[in-house]
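Contents: one structure, followed by commentary.
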Amino acid sequence: MGKPRRNTNKRVHKKPEVEDEKVPWYFRLFSPEDVNEEIVNEVYGIDKVSCTRGDKGHKKKTNCSDNPNCFVHLGEYKRTPLEKILGIDPSDFVKNEQIRFSGLRNLGATCYMNSLLQCLYMNKSFRKMIYDWKSKEKIHLEASEDIPLQLQTLFGRLQLGPKRYVDPADFAKSIQIQPSVQQDPQEFFKLFMSLLDERYSKDIVKSHFVGQYKYSTMCGTCSNISERNCEFTELELPIKGNPTLAACLQEYLQEEHLKDSNQYFCENCQKLQDATRRMYLTELPEVLNFQLLRFVYDKKTEQKKKLKSRVAFPDKIDFAPYLHKSNSNGKEEANLETMEESKNGSQEKLIYQLTAVLTHKGASAYGGHYIAQIRDEVSNEWYKFDDEVVEKEEIVSDPEENKENNNGTKGKGKGKNAQPKKEVESEEGKVVNSCNAYMLIYRRIEEGKKEEEPEVPKEIAELIQMEGKTFDEEVGVYMTKKDKEEERQESMQKKFDEIMKQISPKNGEESFWIEKEFTSKWFKGEFSAFSDDCLPSINNAAHLCKHNKIAPDSLKDYKRISKVAWEHLQERFGGGPALSNEDFFCCDCIFEKRESLTSMNSFLDQKKKMIQSVTDFNKNNKGATDIYLISKHWWNSFKKVNVIDPTIIEDSPTQQIECEHEKINPSVETMMISKEVWEFLLKYFPESNEFPSTIAQGPELCAVCECENNQKQEEEDQKFELRKSEAKEFNSLKFDPSGVAMMFKGDPWVKLTLPQYLVDGDWVARWKKFNESTAVDRDTVGEVDNKKFICEHEKCQYDSLDLAELPKGTSKYPFIFVNQSVWKAIVEKYGGGPEVLITSVVKGKVEMQPEMCLECLEKQRDADRDSRIHFQSESLQIQIIASSQPGKRNTRSANPKPETLKNVNSSDKISKLKLMLMESITDLMPSQQRWSYNGVLLEEGNPLSYYKVIPGSTIVVNQVDGSAEFDDMGDFITVNDREEQGFKGTGLMGKAPEKRGEKESKVWNCKICTMENPQDFLVCSACDTQRDDKDDEETPPKKLKRGSPKSSGEEDDDDNDAMQIERSLKKSKNER
């Protein structure tokens, strides 16, 4: 197009009444040839002030879309993170030399395994024996199946590896555990020790963890003593009611009285007798492992539950008083009787020091997280092992929850309000108090014994050395690339800063236009991640008009930059086209913009006058003759239109008031306008039909439509009267179940007129819809169908007392009951049946006709309950219980009124409902809400249907401290329908490795208790019966579980065997 031409048009135009500089450009332009430099500058905002970063004059929070010289809020330059270009920096995984220890990667839910493996690794003598072990297996094993080899390799990587954490995936694969399943570390320890002891080396376990105790049972009649020696790898201590470790040991070792149904069979008396039993510790291992029974089985809920009992345990403890000794008469002496001797120094001490504490974080026994706190034998410092993270952390007591607060009030402090429990110094050293400690590991102190760091096997050390060399090379390569990349990005940023200082063109200087989106990305530094051969090109053609210029409407998509900035970007990125200040604008598009602006201004000016004209006409229209009728609703919509094309309104001014008979519809509201306004509207809606009128005569309405409207109104009035009369007659159908139980229990305040007839709940719901809405026809109600109340035995399969169990506010009942007069009126008007009625109620016992079918009653209850737990768009009652925090006034009442949570579906998860509650009712964050229903804790990942919640039920929401790491679950029940599999099917169950091609391992079944045992077990794992050689015959394994009954054809060889088994099971029960 070239430079803007001067206006040489010779046409004479009317001069505006104001000065030229105050007249908008579109009033000074009459053809594309009139476009000049002044107009271009005004249209494209070229003369507007430039906005740059740090400009205090720019107060908008966004970029100025109408100013091509504004560069604010296009983005701040940021270097591309090196990880995005080069990947993760391997040096981040280098072991911290100050910490010296490596963590273990969590494979999903393997924190229980990691924490226990770290405890074993930190025991140098145990680690040395693992290193010294050599395979004696004749079967060739794959490296991934060799458990000791994988344990050696894992320990070697922890000791010599260069990384801050080690991947235990190979070890987990060798023992065939599922990484995604959370397990019990206590069970893992038992099974792993058993596996090492039975299949690999008895010395490894026995020399470290195996102690001995003796069961001594004395007959109360003949004083005969029966003794049995046993080995143990851990002591399982009860913690409920025992505040200290000493109290736990005292209960564990206390005397037990066997009487009543738990009598002892005395071999001397040859019959069941009362007896006393006691366990004596006879030999303690080097490493003493205490399993605190923090997870217990709740018989009421049939679920595991975590005890929050606090247990205090010392840093050092003398176990000499707990060891067994006999007196001069040969009779047993209580372990704890020697405690006084130990204090007086008359007995040799046996000091054990605390070396590790395994902690469970979390409120539920079915989840949570395990960490280990372990003492370093060399520095005597404590370290916390939390999967991949290892850090120094002194072992301290858990926060005290029941303590006087800082403000003098007493209450439960949790989270940030919890008071730290101070450690107590005693003769045994520091005493730690914990409500989450799960395992305690003590080790015997031996004077003068100093253990050296064990030497890793040569083959494994060479493997780790190769891995370390490869890792060091990776770190070196990455560091070289990192230095080059940082240098490159530094150079790019300096160039960017240099260009930014010159990006705004100076007055009279040549300038260029560039796409705004590309400029914004360049501002943010997004192109710094691209290599030079992969840089994107400038695409200025994306928003050009059909004439390949920048149209006025596309001003928002471009920015104006200096020649220096353009040449730099053009050289680096390429692309185009170049849009200089000489030829970027489009004269044709400028003129089109002028046409739309002038038309719009003309329309809006006229519209404003017409609106005022209508207002004046309605105030004073006496004597007016030329009057036209239009739709009042349409006119209100038309007044809101502020665009150049008012025809975006689909209807015409008179379309809504015109009926099918081409006359005025009497049901539509009209308004009068003058002839001037009508002619204005006809310009934009020429197809509108005229409806002239006069003030005296008024509008001529359609007689046919008026007659039809009157007829419809009469029908609506009749329906209304019918609904009104039925609502009064059938008032009992609007049923509320509150008080039902009192009715049937004979409450004197509640009278029940017998007989009472049952009415189908589906029919009642249909009748309510008809009664509450004029849009519902009476024919949709239909007849009452009570057939579902009758079972196949022609008896009633519903109990009317079930209504009392439904929550108040339930939208739909399976049935309701009415008196005889209402029932007859329903049948007369709607029909239906059969009759199902309550004939008598005596002290809560209901007699029905037909009688109730006890066989079908429970089945129907279950079916109704299942149908009610699946719903959509229903409501729940939410009762919010605020937490009583010390020093903070509770703004909610003691018995808060339940709130209604609407639009709830049974498929909604608890996490979604917490968000809905926060958005509609309360300001509690989801993390501050704990939902329960009938005492059952509702977990976030489950839907409502999982807990069998029905519409209208009341959900209790307790406010909790969302900042707390975990909180006490109190009496809440955790629902867990999943069958616990434990380590079933893993390599920890003593399953021997299979040969290649072998499909299944052989098993043998105990002839006494039918327990299925692995082939390499010589003794039954259930009853300790020795395997018979005949069991080695190749027979298909039986799928019998422990405790399964024998087949009918099996008989005991001797009745005495059965008695021995019974005594053995009783003995095992007592031991547990």
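Residues are referred to by chain and number: the chain letter is A, B, ... according to the order shown in the structure tokens, the number counts from 1 in that chain, and ligands are numbered separately from 1 in the order shown.
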Task: Who sits within 12 Å of range 654-657 of chain A, only C-alpha atoms, same chain under 2 positions skipped, as a PyMOL selection string - done: chain A and resi 628-635+649-652+659-673+678+681-682+685-692+699-702+705
TODO: Can you work out the spacing between CA of Ser873 in chain A and CA of Asn905 in chain A in Å, to one decimal?
DONE: 5.5 Å
- [ ] Determine the nearest neighbour of Met439 in chain A from the options A:Asp92, A:Asp184, A:Asp588, A:Glu792, counting only C-alpha atoms.
- [x]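 Of all the options, A:Asp184 lies closest to Met439 in chain A.
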Open item on the list: Which residues are close to Asn229 in chain A, i.e. within 12 Å by only C-alpha atoms, leaving aside same-chain residues fewer than 5 positions away? Reply as an MDAnalysis selection string.
Closed with: chainID A and resid 211:217 279:283
If you take only C-alpha atoms and a cut-off of 10 Å, which residues of range 439-515 of chain A touch range 144-167 of chain A, and what are their nearest atom pairs and distances in Å to one decimal, in chain and number order, as a Markdown table?
| residue | atom | partner | partner_atom | distance |
| --- | --- | --- | --- | --- |
| A:Glu453 | CA | A:Gln159 | CA | 9.2 |
| A:Pro454 | CA | A:Gln159 | CA | 9.3 |
| A:Glu455 | CA | A:Gly156 | CA | 8.9 |
| A:Val456 | CA | A:Gly156 | CA | 5.9 |
| A:Pro457 | CA | A:Gln152 | CA | 8.1 |
| A:Glu459 | CA | A:Thr153 | CA | 9.6 |
| A:Ile460 | CA | A:Thr153 | CA | 6.1 |
| A:Ala461 | CA | A:Gly156 | CA | 6.9 |
| A:Leu463 | CA | A:Thr153 | CA | 8.9 |
| A:Ile464 | CA | A:Gly161 | CA | 6.3 |
| A:Gln465 | CA | A:Gly161 | CA | 7.9 |
| A:Glu467 | CA | A:Gly161 | CA | 8.0 |
| A:Gly468 | CA | A:Pro162 | CA | 6.0 |
| A:Lys469 | CA | A:Pro162 | CA | 9.3 |
| A:Phe471 | CA | A:Pro162 | CA | 7.9 |
| A:Asp472 | CA | A:Pro162 | CA | 8.5 |
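As for CA of Arg228 in chain A and CA of Arg278 in chain A, they are spaced 10.9 Å apart.
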Task: Distance of CA of Ile816 in chain A from CA of Lys795 in chain A, expressed in Å to one decimal place - done: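 Here the two named atoms are 18.0 Å from each other.
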- [ ] Skip range 284-300 of chain A itself and residues of its chain fewer than 5 positions away, then list as a ChimeraX atom specification all residues within 6 Å of it, counting only C-alpha atoms.
- [x] /A:208-211,234-238,305-307,438-444
Next, write the just-selected residues to a file, as a tab-separated table (two decimals), in the first residue's frame, keeping N, CA and C atoms as the atom set.
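Contents of part13.tsv, freshly written:
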chain	number	residue	atom	x	y	z
A	208	HIS	N	22.44	-64.33	67.20
A	208	HIS	CA	22.08	-62.93	67.42
A	208	HIS	C	20.73	-62.75	68.10
A	209	PHE	N	19.72	-63.48	67.64
A	209	PHE	CA	18.35	-63.15	68.05
A	209	PHE	C	17.67	-64.22	68.88
A	210	VAL	N	18.22	-65.42	68.98
A	210	VAL	CA	17.50	-66.53	69.61
A	210	VAL	C	17.84	-66.59	71.09
A	211	GLY	N	16.82	-66.51	71.92
A	211	GLY	CA	16.93	-66.73	73.35
A	211	GLY	C	16.11	-67.93	73.75
A	234	GLU	N	11.78	-63.02	69.54
A	234	GLU	CA	11.25	-61.75	70.03
A	234	GLU	C	10.28	-62.03	71.15
A	235	LEU	N	10.05	-61.04	71.98
A	235	LEU	CA	9.09	-61.12	73.07
A	235	LEU	C	7.94	-60.18	72.76
A	236	GLU	N	6.72	-60.72	72.72
A	236	GLU	CA	5.54	-59.93	72.38
A	236	GLU	C	4.91	-59.42	73.67
A	237	LEU	N	5.03	-58.13	73.90
A	237	LEU	CA	4.63	-57.55	75.18
A	237	LEU	C	3.29	-56.84	75.06
A	238	PRO	N	2.36	-57.10	75.99
A	238	PRO	CA	1.10	-56.35	76.01
A	238	PRO	C	1.34	-54.95	76.55
A	305	LYS	N	-7.27	-52.85	65.48
A	305	LYS	CA	-7.31	-51.48	65.96
A	305	LYS	C	-5.95	-51.13	66.56
A	306	LYS	N	-5.53	-49.91	66.34
A	306	LYS	CA	-4.25	-49.47	66.89
A	306	LYS	C	-4.46	-48.84	68.27
A	307	LEU	N	-3.68	-49.30	69.24
A	307	LEU	CA	-3.72	-48.73	70.57
A	307	LEU	C	-2.79	-47.52	70.62
A	438	TYR	N	6.65	-49.32	67.95
A	438	TYR	CA	6.08	-50.61	67.57
A	438	TYR	C	7.05	-51.75	67.88
A	439	MET	N	8.33	-51.52	67.68
A	439	MET	CA	9.35	-52.50	67.99
A	439	MET	C	10.52	-51.81	68.70
A	440	LEU	N	11.04	-52.46	69.73
A	440	LEU	CA	12.21	-51.96	70.45
A	440	LEU	C	13.31	-53.00	70.34
A	441	ILE	N	14.50	-52.55	69.96
A	441	ILE	CA	15.63	-53.46	69.82
A	441	ILE	C	16.72	-53.04	70.79
A	442	TYR	N	17.07	-53.95	71.71
A	442	TYR	CA	18.14	-53.73	72.67
A	442	TYR	C	19.29	-54.69	72.35
A	443	ARG	N	20.52	-54.25	72.63
A	443	ARG	CA	21.69	-55.09	72.40
A	443	ARG	C	22.56	-55.13	73.65
A	444	ARG	N	23.06	-56.31	73.93
A	444	ARG	CA	23.85	-56.52	75.13
A	444	ARG	C	25.17	-55.75	75.04
TODO: From the DSSP assignment of the backbone, select every residue of range 394-590 of chain A that is strand (DSSP E or B), and format the answer as an NGL selection string.
DONE: :A and (400 or 402-404 or 410-412 or 419 or 424-426 or 429-434 or 437-444 or 511-515 or 538-539 or 550 or 558-562 or 575-576 or 579-580 or 585)
Task: Residue nearest Ile395 in chain A among A:Val49, A:Leu944, A:Val357, A:Ile561 (counting only C-alpha atoms) - done: A:Val357
Open item on the list: So that I can check the secondary structure, give me every residue of range 440-606 of chain A assigned alpha helix (DSSP H) by backbone DSSP, as number ranges by chain.
Closed with: A: 458-500, 516-524, 563-573, 587-606
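Comparing the minimum interatomic distances between Lys984 in chain A and each of A:Val205, A:Leu117, A:Leu854, A:Ile177, counting only C-alpha atoms, we find that A:Ile177 sits nearest.
If you measure from each of A:Lys61, A:Ser528, A:Ser223, A:Glu447 to Thr80 in chain A using only C-alpha atoms, the closest one turns out to be A:Ser528.
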Give me, as a compact mmCIF listing (two decimals) with N, CA and C atoms, in the first residue's frame, all polymer residues having an atom no more than 12 Å from range 102-105 of chain A, counting only C-alpha atoms and skipping those fewer than 3 positions away in the same chain.
# COMPACT_ATOMS: atom_id res chain seq x y z
N PHE A 93 21.89 -37.69 43.80
CA PHE A 93 21.77 -38.98 44.45
C PHE A 93 23.07 -39.42 45.14
N VAL A 94 24.07 -38.54 45.16
CA VAL A 94 25.33 -38.88 45.80
C VAL A 94 25.14 -38.94 47.31
N LYS A 95 25.74 -39.94 47.93
CA LYS A 95 25.60 -40.12 49.37
C LYS A 95 26.23 -38.95 50.12
N ASN A 96 25.54 -38.51 51.15
CA ASN A 96 26.04 -37.44 52.00
C ASN A 96 27.15 -37.99 52.89
N GLU A 97 28.35 -37.47 52.73
CA GLU A 97 29.49 -37.98 53.48
C GLU A 97 29.36 -37.73 54.97
N GLN A 98 28.64 -36.69 55.35
CA GLN A 98 28.47 -36.41 56.77
C GLN A 98 27.49 -37.39 57.42
N ILE A 99 26.48 -37.82 56.63
CA ILE A 99 25.52 -38.79 57.16
C ILE A 99 26.12 -40.19 57.13
N GLY A 108 6.60 -48.74 46.84
CA GLY A 108 5.15 -48.54 46.77
C GLY A 108 4.57 -48.51 48.17
N ALA A 109 4.72 -49.64 48.89
CA ALA A 109 4.26 -49.71 50.27
C ALA A 109 5.20 -50.61 51.06
N THR A 110 6.49 -50.45 50.82
CA THR A 110 7.50 -51.32 51.44
C THR A 110 8.25 -50.63 52.56
N CYS A 111 7.67 -49.62 53.19
CA CYS A 111 8.35 -48.94 54.30
C CYS A 111 8.57 -49.89 55.47
N TYR A 112 7.66 -50.87 55.65
CA TYR A 112 7.81 -51.84 56.73
C TYR A 112 9.08 -52.67 56.51
N MET A 113 9.35 -53.08 55.27
CA MET A 113 10.53 -53.87 54.95
C MET A 113 11.79 -53.02 55.05
N ASN A 114 11.73 -51.79 54.53
CA ASN A 114 12.91 -50.93 54.55
C ASN A 114 13.38 -50.64 55.97
N SER A 115 12.45 -50.32 56.85
CA SER A 115 12.84 -49.97 58.22
C SER A 115 13.47 -51.15 58.94
N LEU A 116 12.95 -52.36 58.69
CA LEU A 116 13.51 -53.54 59.35
C LEU A 116 14.86 -53.93 58.76
N LEU A 117 15.01 -53.81 57.45
CA LEU A 117 16.29 -54.12 56.82
C LEU A 117 17.38 -53.16 57.31
N GLN A 118 17.02 -51.91 57.54
CA GLN A 118 18.02 -50.96 58.05
C GLN A 118 18.46 -51.34 59.45
N CYS A 119 17.53 -51.84 60.28
CA CYS A 119 17.89 -52.30 61.62
C CYS A 119 18.86 -53.47 61.56
N TYR A 121 20.86 -54.20 58.99
CA TYR A 121 22.12 -53.75 58.38
C TYR A 121 23.01 -53.07 59.42
N MET A 122 22.42 -52.26 60.29
CA MET A 122 23.22 -51.51 61.26
C MET A 122 23.84 -52.40 62.33
N LEU A 154 22.48 -56.22 48.65
CA LEU A 154 21.80 -55.04 49.19
C LEU A 154 22.62 -54.40 50.30
N PHE A 155 23.12 -55.22 51.24
CA PHE A 155 23.95 -54.70 52.32
C PHE A 155 25.24 -54.09 51.76
N GLY A 156 25.83 -54.74 50.73
CA GLY A 156 27.05 -54.22 50.14
C GLY A 156 26.85 -52.86 49.52
N ARG A 157 25.71 -52.67 48.85
CA ARG A 157 25.42 -51.36 48.23
C ARG A 157 25.18 -50.30 49.30
N LEU A 158 24.54 -50.69 50.40
CA LEU A 158 24.36 -49.74 51.49
C LEU A 158 25.70 -49.33 52.09
N GLN A 159 26.64 -50.26 52.12
CA GLN A 159 27.92 -49.99 52.75
C GLN A 159 28.90 -49.28 51.82
N LEU A 160 29.00 -49.73 50.56
CA LEU A 160 30.00 -49.20 49.64
C LEU A 160 29.43 -48.35 48.52
N GLY A 161 28.14 -48.41 48.31
CA GLY A 161 27.53 -47.71 47.18
C GLY A 161 27.67 -46.20 47.28
N PRO A 162 27.75 -45.52 46.15
CA PRO A 162 27.93 -44.06 46.16
C PRO A 162 26.64 -43.28 46.28
N LYS A 163 25.49 -43.95 46.19
CA LYS A 163 24.21 -43.23 46.13
C LYS A 163 23.62 -43.06 47.53
N ARG A 164 22.78 -42.01 47.64
CA ARG A 164 22.18 -41.72 48.94
C ARG A 164 21.04 -42.67 49.28
N TYR A 165 20.54 -43.39 48.31
CA TYR A 165 19.59 -44.47 48.62
C TYR A 165 19.77 -45.60 47.61
N VAL A 166 19.41 -46.80 48.04
CA VAL A 166 19.60 -48.02 47.26
C VAL A 166 18.23 -48.58 46.90
N ASP A 167 18.14 -49.17 45.73
CA ASP A 167 16.90 -49.77 45.26
C ASP A 167 16.84 -51.23 45.72
N PRO A 168 15.85 -51.59 46.58
CA PRO A 168 15.76 -52.97 47.07
C PRO A 168 14.88 -53.87 46.21
N ALA A 169 14.65 -53.47 44.94
CA ALA A 169 13.72 -54.21 44.09
C ALA A 169 14.17 -55.65 43.89
N ASP A 170 15.49 -55.90 43.70
CA ASP A 170 15.97 -57.26 43.47
C ASP A 170 15.74 -58.13 44.70
N PHE A 171 15.97 -57.57 45.88
CA PHE A 171 15.72 -58.34 47.11
C PHE A 171 14.23 -58.63 47.27
N ALA A 172 13.38 -57.63 47.02
CA ALA A 172 11.94 -57.83 47.13
C ALA A 172 11.46 -58.89 46.15
N PRO A 179 5.05 -55.32 46.24
CA PRO A 179 5.48 -54.00 46.75
C PRO A 179 4.33 -53.04 47.02
N ILE A 371 8.85 -45.96 60.13
CA ILE A 371 10.21 -45.43 60.06
C ILE A 371 11.03 -46.10 61.15
N ALA A 372 12.35 -46.04 61.01
CA ALA A 372 13.25 -46.63 62.00
C ALA A 372 14.19 -45.56 62.52
N TYR A 383 20.05 -41.84 64.24
CA TYR A 383 19.68 -41.48 62.87
C TYR A 383 18.26 -41.96 62.60
N LYS A 384 17.55 -41.16 61.82
CA LYS A 384 16.21 -41.54 61.39
C LYS A 384 16.27 -42.05 59.96
N PHE A 385 15.79 -43.27 59.75
CA PHE A 385 15.75 -43.88 58.43
C PHE A 385 14.30 -43.88 57.95
N ASP A 386 13.99 -42.99 57.04
CA ASP A 386 12.64 -42.83 56.50
C ASP A 386 12.69 -43.10 55.00
N ASP A 387 12.70 -44.39 54.63
CA ASP A 387 12.83 -44.81 53.24
C ASP A 387 14.09 -44.19 52.61
N GLU A 388 13.93 -43.31 51.61
CA GLU A 388 15.08 -42.75 50.91
C GLU A 388 15.86 -41.73 51.73
N VAL A 389 15.23 -41.18 52.76
CA VAL A 389 15.83 -40.07 53.53
C VAL A 389 16.46 -40.60 54.81
N VAL A 390 17.72 -40.25 55.02
CA VAL A 390 18.42 -40.58 56.25
C VAL A 390 18.96 -39.27 56.82
N GLU A 391 18.69 -39.01 58.09
CA GLU A 391 19.15 -37.78 58.70
C GLU A 391 19.38 -38.00 60.19
Open item on the list: With distances taken over only C-alpha atoms, which residue among A:Gly75, A:Gly429, A:Ala542, A:Tyr366 lies nearest Ile317 in chain A?
Closed with: A:Gly429
